[in-house]
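Trainee: My structure is below; once you've seen it, I'll send some questions.
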Amino acid sequence: MKNRRNNKLLAAALAACMMLCALVFAGCGSSGSGYSTDISKELTHERSAEITNATGFSIDYYNDGYKLISIDNEGQFLVVPEGKTAPGDLKDDIVVIQQPLKNIYLVATATMDMFRAIDALDMIKMTGTKVSDWYIPEAVERMESGQIVYAGKYSMPDYEVILSNNCDLAIESGMIYHTPDVKEALEARGIPVLVDQSSYEGDPLGRVEWVKVYGAITNHEEEADAAFNKQKQLFEEATSSGKLANSPTVAFFYITTSGAVSVRVGDDYIPIMIELAGGKYVYSDLVNENSNASSKTLQMENFYEKAKNADVLIYNSTIDSLMGSLDDMISKSEFLSNFDAVKAGHVWITSQNMYQDSMGFGNFIVDVKKILENPDISDDELVYLRRLV
């Protein structure tokens, strides 16, 4: 974990440096993410949005409905209200998002659930995910009806489809950094590109709070606040009683096609949610020494050594979708039949929509808490977990 923590410290130092520069050169206020809020003589800063858990963005409000979204290591985006124009003295590096938004090209799958939560799906007309890969019912329905069309994945967008649909905003995931030429090509065609960075938030609730970014962009702030507060309440309810008396041990994993085991490193958001639910993640001290990857691959023998006595096993079906029964899992390795949790029948599997339901993290924590408190609980009482039998 040392490498990841060092990177976080470096990011914090860079943010502090950016804030200092903003204060020195702008001689005025700065956003929560360190960028200057003094962006135009035509705009008067009125207030900043309250951000409680996320650290990667800030939102500032100005006169006449203008909004400024500042995203760490990404830049600033001025949301210009319908009927208004961007100030003439706006800096060139501030991206303009002109309302109304009607034809969004959404590539970051995590944000679809946020648009669903704020009732703004009508603004999405294109996606970088095929209908067969969506697990959000509303996304499937809209693609099947033609309300949302497939416009190519992040690395190979269909520019003809994007342009013919008058794309007014592209929302990308961090994967776009692997193909920067695509981002440049979209921008060269006059399409503003916003890179969602919710996945970089260390706090699971911080990831959820990114819904406020899309609430600001679409004028659905009240809905965004309500959606966030609903999940925050679930977090608080699940964690208010603290750890369970015996802190049941939990392994979260899936088995690769080669027979190895993929597990989450200790400071990933999944282990954090398991710990918040009162469990003890068996690989809490696991790190990736040479990368910031959120998972690590172990040989089955190594996985067995530490996870064989775990009280609960949770199998990640969002990666391996072909797991239908406990026998299916055991067939992947004879070692698994000797695990304590397998013998006790305390093996659970995630639903395939768990990762795409980015506004459901509170529900996942509640699910984990329930199975830890009552191993005999019925599947009907859970949202994202079911027992493997």
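Quick note on naming: the chains in the structure tokens go A, B, ... in the order shown, residues restart at 1 in each chain, and ligands are numbered from 1 in order of appearance.
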Under the rule of at most 8 Å, produce a per-residue listing of range 183-264 of chain A near range 119-133 of chain A: chain, number, name, the closest pair of atoms, and the distance in Å, as JSON lines, using only C-alpha atoms.
Mentor:
```
{"residue": "A:Thr218", "atom": "CA", "partner": "A:Ala120", "partner_atom": "CA", "distance": 7.2}
{"residue": "A:His220", "atom": "CA", "partner": "A:Ala120", "partner_atom": "CA", "distance": 7.8}
{"residue": "A:Glu223", "atom": "CA", "partner": "A:Asp119", "partner_atom": "CA", "distance": 7.7}
```
Trainee: Enumerate, as a PyMOL selection string, the complete set of residues in range 52-216 of chain A that a backbone-based DSSP assignment places in strand (DSSP E or B).
Mentor: chain A and resi 57-62+67-71+75-80+94-98+104-106+124-127+149-150+169-172+193-195
Trainee: Any chance you could export the current selection's N, CA and C atoms as an mmCIF file, in the first residue's frame?
Mentor:
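Final file, result_4.cif:
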```
data_model
loop_
_atom_site.group_PDB
_atom_site.id
_atom_site.type_symbol
_atom_site.label_atom_id
_atom_site.label_comp_id
_atom_site.auth_asym_id
_atom_site.auth_seq_id
_atom_site.Cartn_x
_atom_site.Cartn_y
_atom_site.Cartn_z
ATOM 1 N N PHE A 57 -13.350 17.079 -7.069
ATOM 2 C CA PHE A 57 -14.032 18.135 -7.825
ATOM 3 C C PHE A 57 -14.610 19.175 -6.884
ATOM 4 N N SER A 58 -14.949 20.313 -7.459
ATOM 5 C CA SER A 58 -15.696 21.349 -6.749
ATOM 6 C C SER A 58 -16.673 21.972 -7.729
ATOM 7 N N ILE A 59 -17.712 22.602 -7.204
ATOM 8 C CA ILE A 59 -18.730 23.255 -8.031
ATOM 9 C C ILE A 59 -18.967 24.654 -7.472
ATOM 10 N N ASP A 60 -18.872 25.653 -8.337
ATOM 11 C CA ASP A 60 -19.077 27.042 -7.917
ATOM 12 C C ASP A 60 -20.169 27.680 -8.756
ATOM 13 N N TYR A 61 -20.958 28.513 -8.093
ATOM 14 C CA TYR A 61 -22.102 29.155 -8.732
ATOM 15 C C TYR A 61 -21.867 30.660 -8.864
ATOM 16 N N TYR A 62 -22.318 31.193 -10.014
ATOM 17 C CA TYR A 62 -22.138 32.607 -10.338
ATOM 18 C C TYR A 62 -23.492 33.239 -10.664
ATOM 19 N N LYS A 67 -22.214 28.210 -13.917
ATOM 20 C CA LYS A 67 -21.637 27.279 -12.943
ATOM 21 C C LYS A 67 -20.237 26.873 -13.397
ATOM 22 N N LEU A 68 -19.369 26.708 -12.446
ATOM 23 C CA LEU A 68 -17.997 26.296 -12.744
ATOM 24 C C LEU A 68 -17.710 24.975 -12.043
ATOM 25 N N ILE A 69 -17.347 23.979 -12.832
ATOM 26 C CA ILE A 69 -16.967 22.671 -12.289
ATOM 27 C C ILE A 69 -15.457 22.526 -12.449
ATOM 28 N N SER A 70 -14.772 22.331 -11.353
ATOM 29 C CA SER A 70 -13.316 22.172 -11.370
ATOM 30 C C SER A 70 -12.987 20.737 -10.985
ATOM 31 N N ILE A 71 -12.216 20.052 -11.828
ATOM 32 C CA ILE A 71 -11.879 18.648 -11.608
ATOM 33 C C ILE A 71 -10.369 18.506 -11.503
ATOM 34 N N GLY A 75 -9.104 19.912 -15.183
ATOM 35 C CA GLY A 75 -9.355 21.271 -15.629
ATOM 36 C C GLY A 75 -10.682 21.806 -15.128
ATOM 37 N N GLN A 76 -11.124 22.893 -15.757
ATOM 38 C CA GLN A 76 -12.350 23.564 -15.355
ATOM 39 C C GLN A 76 -13.339 23.616 -16.508
ATOM 40 N N PHE A 77 -14.624 23.550 -16.146
ATOM 41 C CA PHE A 77 -15.711 23.513 -17.125
ATOM 42 C C PHE A 77 -16.748 24.544 -16.722
ATOM 43 N N LEU A 78 -16.998 25.483 -17.614
ATOM 44 C CA LEU A 78 -18.008 26.497 -17.341
ATOM 45 C C LEU A 78 -19.323 26.074 -17.987
ATOM 46 N N VAL A 79 -20.336 25.861 -17.168
ATOM 47 C CA VAL A 79 -21.663 25.511 -17.661
ATOM 48 C C VAL A 79 -22.415 26.813 -17.934
ATOM 49 N N VAL A 80 -22.708 27.035 -19.206
ATOM 50 C CA VAL A 80 -23.368 28.274 -19.639
ATOM 51 C C VAL A 80 -24.859 28.012 -19.803
ATOM 52 N N ILE A 94 -10.425 26.913 -20.119
ATOM 53 C CA ILE A 94 -11.689 26.564 -19.468
ATOM 54 C C ILE A 94 -12.660 26.076 -20.545
ATOM 55 N N VAL A 95 -13.128 24.857 -20.383
ATOM 56 C CA VAL A 95 -14.016 24.235 -21.372
ATOM 57 C C VAL A 95 -15.446 24.727 -21.151
ATOM 58 N N VAL A 96 -16.085 25.106 -22.230
ATOM 59 C CA VAL A 96 -17.458 25.602 -22.155
ATOM 60 C C VAL A 96 -18.436 24.468 -22.445
ATOM 61 N N ILE A 97 -19.393 24.277 -21.538
ATOM 62 C CA ILE A 97 -20.496 23.335 -21.741
ATOM 63 C C ILE A 97 -21.765 24.168 -21.876
ATOM 64 N N GLN A 98 -22.303 24.188 -23.061
ATOM 65 C CA GLN A 98 -23.448 25.040 -23.356
ATOM 66 C C GLN A 98 -24.761 24.292 -23.132
ATOM 67 N N ILE A 104 -25.948 13.871 -25.331
ATOM 68 C CA ILE A 104 -24.703 13.478 -24.669
ATOM 69 C C ILE A 104 -24.224 12.121 -25.172
ATOM 70 N N TYR A 105 -22.932 12.031 -25.404
ATOM 71 C CA TYR A 105 -22.260 10.760 -25.735
ATOM 72 C C TYR A 105 -21.627 10.266 -24.442
ATOM 73 N N LEU A 106 -22.222 9.236 -23.837
ATOM 74 C CA LEU A 106 -21.776 8.767 -22.535
ATOM 75 C C LEU A 106 -20.949 7.493 -22.695
ATOM 76 N N ILE A 124 -29.144 11.738 -22.661
ATOM 77 C CA ILE A 124 -28.149 10.829 -23.232
ATOM 78 C C ILE A 124 -28.702 10.242 -24.529
ATOM 79 N N LYS A 125 -27.977 10.467 -25.626
ATOM 80 C CA LYS A 125 -28.417 9.964 -26.931
ATOM 81 C C LYS A 125 -27.456 8.950 -27.525
ATOM 82 N N MET A 126 -26.236 8.886 -26.999
ATOM 83 C CA MET A 126 -25.235 7.950 -27.507
ATOM 84 C C MET A 126 -24.462 7.357 -26.349
ATOM 85 N N THR A 127 -23.965 6.138 -26.545
ATOM 86 C CA THR A 127 -23.176 5.496 -25.511
ATOM 87 C C THR A 127 -22.035 4.708 -26.128
ATOM 88 N N VAL A 149 -28.221 5.339 -28.929
ATOM 89 C CA VAL A 149 -27.570 4.520 -29.955
ATOM 90 C C VAL A 149 -26.112 4.265 -29.580
ATOM 91 N N TYR A 150 -25.608 3.172 -30.063
ATOM 92 C CA TYR A 150 -24.203 2.847 -29.829
ATOM 93 C C TYR A 150 -23.347 3.670 -30.787
ATOM 94 N N LEU A 169 -21.853 17.003 -25.698
ATOM 95 C CA LEU A 169 -20.940 16.717 -24.590
ATOM 96 C C LEU A 169 -20.564 15.240 -24.634
ATOM 97 N N ALA A 170 -19.270 14.951 -24.453
ATOM 98 C CA ALA A 170 -18.803 13.574 -24.322
ATOM 99 C C ALA A 170 -18.325 13.370 -22.895
ATOM 100 N N ILE A 171 -18.865 12.348 -22.243
ATOM 101 C CA ILE A 171 -18.447 12.016 -20.873
ATOM 102 C C ILE A 171 -17.643 10.719 -20.943
ATOM 103 N N GLU A 172 -16.354 10.836 -20.705
ATOM 104 C CA GLU A 172 -15.437 9.705 -20.848
ATOM 105 C C GLU A 172 -14.993 9.202 -19.479
ATOM 106 N N VAL A 193 -15.236 17.618 -23.844
ATOM 107 C CA VAL A 193 -15.003 16.288 -23.263
ATOM 108 C C VAL A 193 -14.764 16.437 -21.771
ATOM 109 N N LEU A 194 -15.575 15.760 -20.975
ATOM 110 C CA LEU A 194 -15.405 15.722 -19.529
ATOM 111 C C LEU A 194 -15.036 14.298 -19.130
ATOM 112 N N VAL A 195 -13.930 14.153 -18.424
ATOM 113 C CA VAL A 195 -13.480 12.825 -18.002
ATOM 114 C C VAL A 195 -13.939 12.585 -16.566
#
```
Trainee: Check range 115-300 of chain A with DSSP on the backbone and list each residue it calls helix (DSSP H, G or I), as a ChimeraX atom specification.
Mentor: /A:115-117,121-123,131-133,137-145,159-164,174-178,180-188,198-200,204-208,211-218,221-239,269-276,300
Trainee: Find the residue from A:Ala226, A:Ile274, A:Gly65, A:Lys183 that sits nearest to Thr239 in chain A; use only C-alpha atoms when measuring.
Mentor: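 Checking each of A:Ala226, A:Ile274, A:Gly65, A:Lys183 against Thr239 in chain A, counting only C-alpha atoms, the winner is A:Ile274.
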Trainee: Just how far from CA of Leu326 in chain A is CA of Asp376 in chain A, in Å to one decimal?
Mentor: 15.9 Å
Trainee: Hey, what's within 9 Å of Ala310 in chain A if we count only C-alpha atoms and toss same-chain stuff fewer than 5 positions away? As a ChimeraX atom specification, please?
Mentor: /A:248-251,281-282,339-341
Trainee: Do you know which residues are at most 9 Å from Ser325 in chain A counting only C-alpha atoms, after dropping those on the same chain fewer than 6 positions away, and could you put them as a PyMOL selection string?
Mentor: chain A and resi 387-389
Trainee: Save the residues we just selected, C-alpha atoms, as a CSV table (one decimal), in the first residue's frame?
Mentor:
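As a result, result.csv now contains:
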```csv
chain,number,residue,atom,x,y,z
A,387,ARG,CA,-26.2,-17.3,-2.0
A,388,LEU,CA,-24.3,-19.8,-4.1
A,389,VAL,CA,-25.9,-23.2,-3.5
```
Trainee: What does the structure give for the distance between CA of Asp64 in chain A and CA of Gly215 in chain A, in Å to one decimal?
Mentor: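 Straight-line distance from CA of Asp64 in chain A to CA of Gly215 in chain A works out to 17.4 Å.
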Trainee: Could you check the closest approach to Asn363 in chain A for each of A:Glu381, A:Asp38, A:Glu305, A:Glu275 and tell me which residue wins, using only C-alpha atoms?
Mentor: A:Glu381
Trainee: Which of these, A:Val347, A:Leu163, A:Ala185, A:Met329, has the shortest distance to Pro375 in chain A once you count only C-alpha atoms?
Mentor: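 Smallest separation from Pro375 in chain A among the options: A:Val347.
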Trainee: Counting only C-alpha atoms, what is within 10 Å of Tyr159 in chain A, bar same-chain residues fewer than 5 positions away, as a PyMOL selection string?
Mentor: chain A and resi 151-152+164-165+167+182+185-186+189
Trainee: Residues at most 6 Å from range 259-268 of chain A, counting only C-alpha atoms, excluding those fewer than 3 positions away in the same chain, as JSON, numbers by chain?
Mentor: {"A": [253, 254, 255, 256, 271, 283, 284, 285, 286, 287, 294, 295, 296, 297, 298, 299, 300]}
Trainee: Go ahead and write the selection's residues with C-alpha atoms as a PDB file, in the first residue's frame.
Mentor:
```
ATOM      1  CA  PHE A 253     -12.511 -12.679  -5.473  1.00  0.00           C
ATOM      2  CA  TYR A 254     -13.031 -14.316  -8.819  1.00  0.00           C
ATOM      3  CA  ILE A 255     -11.192 -17.093 -10.651  1.00  0.00           C
ATOM      4  CA  THR A 256      -9.550 -16.237 -13.954  1.00  0.00           C
ATOM      5  CA  PRO A 271     -12.513  -3.898   0.831  1.00  0.00           C
ATOM      6  CA  TYR A 283      -6.241  -9.243   2.176  1.00  0.00           C
ATOM      7  CA  SER A 284      -6.372  -5.874   3.907  1.00  0.00           C
ATOM      8  CA  ASP A 285      -2.573  -5.665   3.790  1.00  0.00           C
ATOM      9  CA  LEU A 286      -2.259  -6.618   0.114  1.00  0.00           C
ATOM     10  CA  VAL A 287      -0.585  -4.074  -2.174  1.00  0.00           C
ATOM     11  CA  SER A 294      -7.005  -2.103  -7.743  1.00  0.00           C
ATOM     12  CA  SER A 295      -6.618  -5.872  -7.977  1.00  0.00           C
ATOM     13  CA  LYS A 296      -3.885  -8.461  -7.833  1.00  0.00           C
ATOM     14  CA  THR A 297      -3.659 -11.981  -9.232  1.00  0.00           C
ATOM     15  CA  LEU A 298      -2.653 -14.822  -6.937  1.00  0.00           C
ATOM     16  CA  GLN A 299      -2.047 -18.484  -7.593  1.00  0.00           C
ATOM     17  CA  MET A 300      -4.759 -20.679  -6.091  1.00  0.00           C
TER      18      MET A 300
END
```
Trainee: Residues near Asn229 in chain A, anyone? I mean within 12 Å using only C-alpha atoms, not counting same-chain ones fewer than 3 positions away, as a list in words.
Mentor: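 Counting only C-alpha atoms, the residues come to Ile51, Thr52, Asn53, Ala117, Leu205, Gly206, Val208, Glu209, Val211, Lys212, Glu222, Glu223, Ala224, Asp225, Ala226, Lys232, Gln233, Leu234, Phe235, Glu236, Met359, Gly360 and Gly362 of chain A.
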Trainee: For the residues selected in the previous step, produce a file with N, CA and C atoms as a PDB file, in the first residue's frame.
Mentor:
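Dumped everything to part-v1.pdb:
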```pdb
ATOM      1  N   ILE A  51     -19.500  19.969  -0.665  1.00  0.00           N
ATOM      2  CA  ILE A  51     -18.986  18.645  -1.026  1.00  0.00           C
ATOM      3  C   ILE A  51     -18.418  18.031   0.249  1.00  0.00           C
ATOM      4  N   THR A  52     -18.974  16.924   0.679  1.00  0.00           N
ATOM      5  CA  THR A  52     -18.611  16.376   1.982  1.00  0.00           C
ATOM      6  C   THR A  52     -17.643  15.204   1.930  1.00  0.00           C
ATOM      7  N   ASN A  53     -17.681  14.418   0.875  1.00  0.00           N
ATOM      8  CA  ASN A  53     -16.873  13.195   0.849  1.00  0.00           C
ATOM      9  C   ASN A  53     -15.915  13.105  -0.336  1.00  0.00           C
ATOM     10  N   ALA A 117     -30.400   8.260 -11.592  1.00  0.00           N
ATOM     11  CA  ALA A 117     -30.775   8.696 -10.249  1.00  0.00           C
ATOM     12  C   ALA A 117     -31.333  10.112 -10.217  1.00  0.00           C
ATOM     13  N   LEU A 205     -18.229   6.660  -0.599  1.00  0.00           N
ATOM     14  CA  LEU A 205     -19.272   7.682  -0.638  1.00  0.00           C
ATOM     15  C   LEU A 205     -18.823   8.881  -1.460  1.00  0.00           C
ATOM     16  N   GLY A 206     -17.518   9.084  -1.552  1.00  0.00           N
ATOM     17  CA  GLY A 206     -16.982  10.132  -2.415  1.00  0.00           C
ATOM     18  C   GLY A 206     -17.269   9.829  -3.878  1.00  0.00           C
ATOM     19  N   VAL A 208     -19.888   8.186  -4.949  1.00  0.00           N
ATOM     20  CA  VAL A 208     -21.315   8.465  -5.113  1.00  0.00           C
ATOM     21  C   VAL A 208     -21.561   9.958  -5.274  1.00  0.00           C
ATOM     22  N   GLU A 209     -20.757  10.775  -4.579  1.00  0.00           N
ATOM     23  CA  GLU A 209     -21.005  12.222  -4.571  1.00  0.00           C
ATOM     24  C   GLU A 209     -20.763  12.866  -5.931  1.00  0.00           C
ATOM     25  N   VAL A 211     -22.335  12.353  -8.361  1.00  0.00           N
ATOM     26  CA  VAL A 211     -23.656  12.619  -8.937  1.00  0.00           C
ATOM     27  C   VAL A 211     -23.946  14.114  -8.930  1.00  0.00           C
ATOM     28  N   LYS A 212     -23.318  14.853  -8.017  1.00  0.00           N
ATOM     29  CA  LYS A 212     -23.542  16.297  -7.951  1.00  0.00           C
ATOM     30  C   LYS A 212     -22.953  17.018  -9.168  1.00  0.00           C
ATOM     31  N   GLU A 222     -31.206  19.417  -7.099  1.00  0.00           N
ATOM     32  CA  GLU A 222     -32.026  18.889  -6.007  1.00  0.00           C
ATOM     33  C   GLU A 222     -32.098  17.377  -6.069  1.00  0.00           C
ATOM     34  N   GLU A 223     -32.274  16.856  -7.276  1.00  0.00           N
ATOM     35  CA  GLU A 223     -32.330  15.398  -7.431  1.00  0.00           C
ATOM     36  C   GLU A 223     -30.990  14.750  -7.069  1.00  0.00           C
ATOM     37  N   ALA A 224     -29.893  15.425  -7.435  1.00  0.00           N
ATOM     38  CA  ALA A 224     -28.566  14.891  -7.122  1.00  0.00           C
ATOM     39  C   ALA A 224     -28.333  14.877  -5.616  1.00  0.00           C
ATOM     40  N   ASP A 225     -28.713  15.948  -4.946  1.00  0.00           N
ATOM     41  CA  ASP A 225     -28.557  16.004  -3.492  1.00  0.00           C
ATOM     42  C   ASP A 225     -29.380  14.903  -2.826  1.00  0.00           C
ATOM     43  N   ALA A 226     -30.597  14.696  -3.318  1.00  0.00           N
ATOM     44  CA  ALA A 226     -31.476  13.677  -2.729  1.00  0.00           C
ATOM     45  C   ALA A 226     -30.895  12.277  -2.935  1.00  0.00           C
ATOM     46  N   LYS A 232     -25.959   8.199   1.495  1.00  0.00           N
ATOM     47  CA  LYS A 232     -25.234   8.582   2.711  1.00  0.00           C
ATOM     48  C   LYS A 232     -25.955   8.058   3.943  1.00  0.00           C
ATOM     49  N   GLN A 233     -27.280   8.108   3.927  1.00  0.00           N
ATOM     50  CA  GLN A 233     -28.053   7.603   5.050  1.00  0.00           C
ATOM     51  C   GLN A 233     -27.860   6.103   5.213  1.00  0.00           C
ATOM     52  N   LEU A 234     -27.813   5.378   4.090  1.00  0.00           N
ATOM     53  CA  LEU A 234     -27.573   3.935   4.155  1.00  0.00           C
ATOM     54  C   LEU A 234     -26.192   3.642   4.722  1.00  0.00           C
ATOM     55  N   PHE A 235     -25.198   4.428   4.288  1.00  0.00           N
ATOM     56  CA  PHE A 235     -23.843   4.285   4.839  1.00  0.00           C
ATOM     57  C   PHE A 235     -23.884   4.456   6.354  1.00  0.00           C
ATOM     58  N   GLU A 236     -24.532   5.513   6.795  1.00  0.00           N
ATOM     59  CA  GLU A 236     -24.552   5.827   8.221  1.00  0.00           C
ATOM     60  C   GLU A 236     -25.294   4.768   9.021  1.00  0.00           C
ATOM     61  N   MET A 359     -24.722   4.186  -7.962  1.00  0.00           N
ATOM     62  CA  MET A 359     -25.451   4.861  -6.896  1.00  0.00           C
ATOM     63  C   MET A 359     -25.990   3.859  -5.874  1.00  0.00           C
ATOM     64  N   GLY A 360     -25.451   2.645  -5.875  1.00  0.00           N
ATOM     65  CA  GLY A 360     -25.953   1.623  -4.962  1.00  0.00           C
ATOM     66  C   GLY A 360     -24.952   1.143  -3.937  1.00  0.00           C
ATOM     67  N   GLY A 362     -24.266   2.178  -0.995  1.00  0.00           N
ATOM     68  CA  GLY A 362     -24.855   2.074   0.332  1.00  0.00           C
ATOM     69  C   GLY A 362     -25.620   0.773   0.486  1.00  0.00           C
TER      70      GLY A 362
END
```
Trainee: Measuring atom to atom with only C-alpha atoms, identify which of A:Gln352, A:Ser378, A:Thr257, A:Asn103 is nearest to Ile136 in chain A.
Mentor: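 Closest candidate: A:Gln352.
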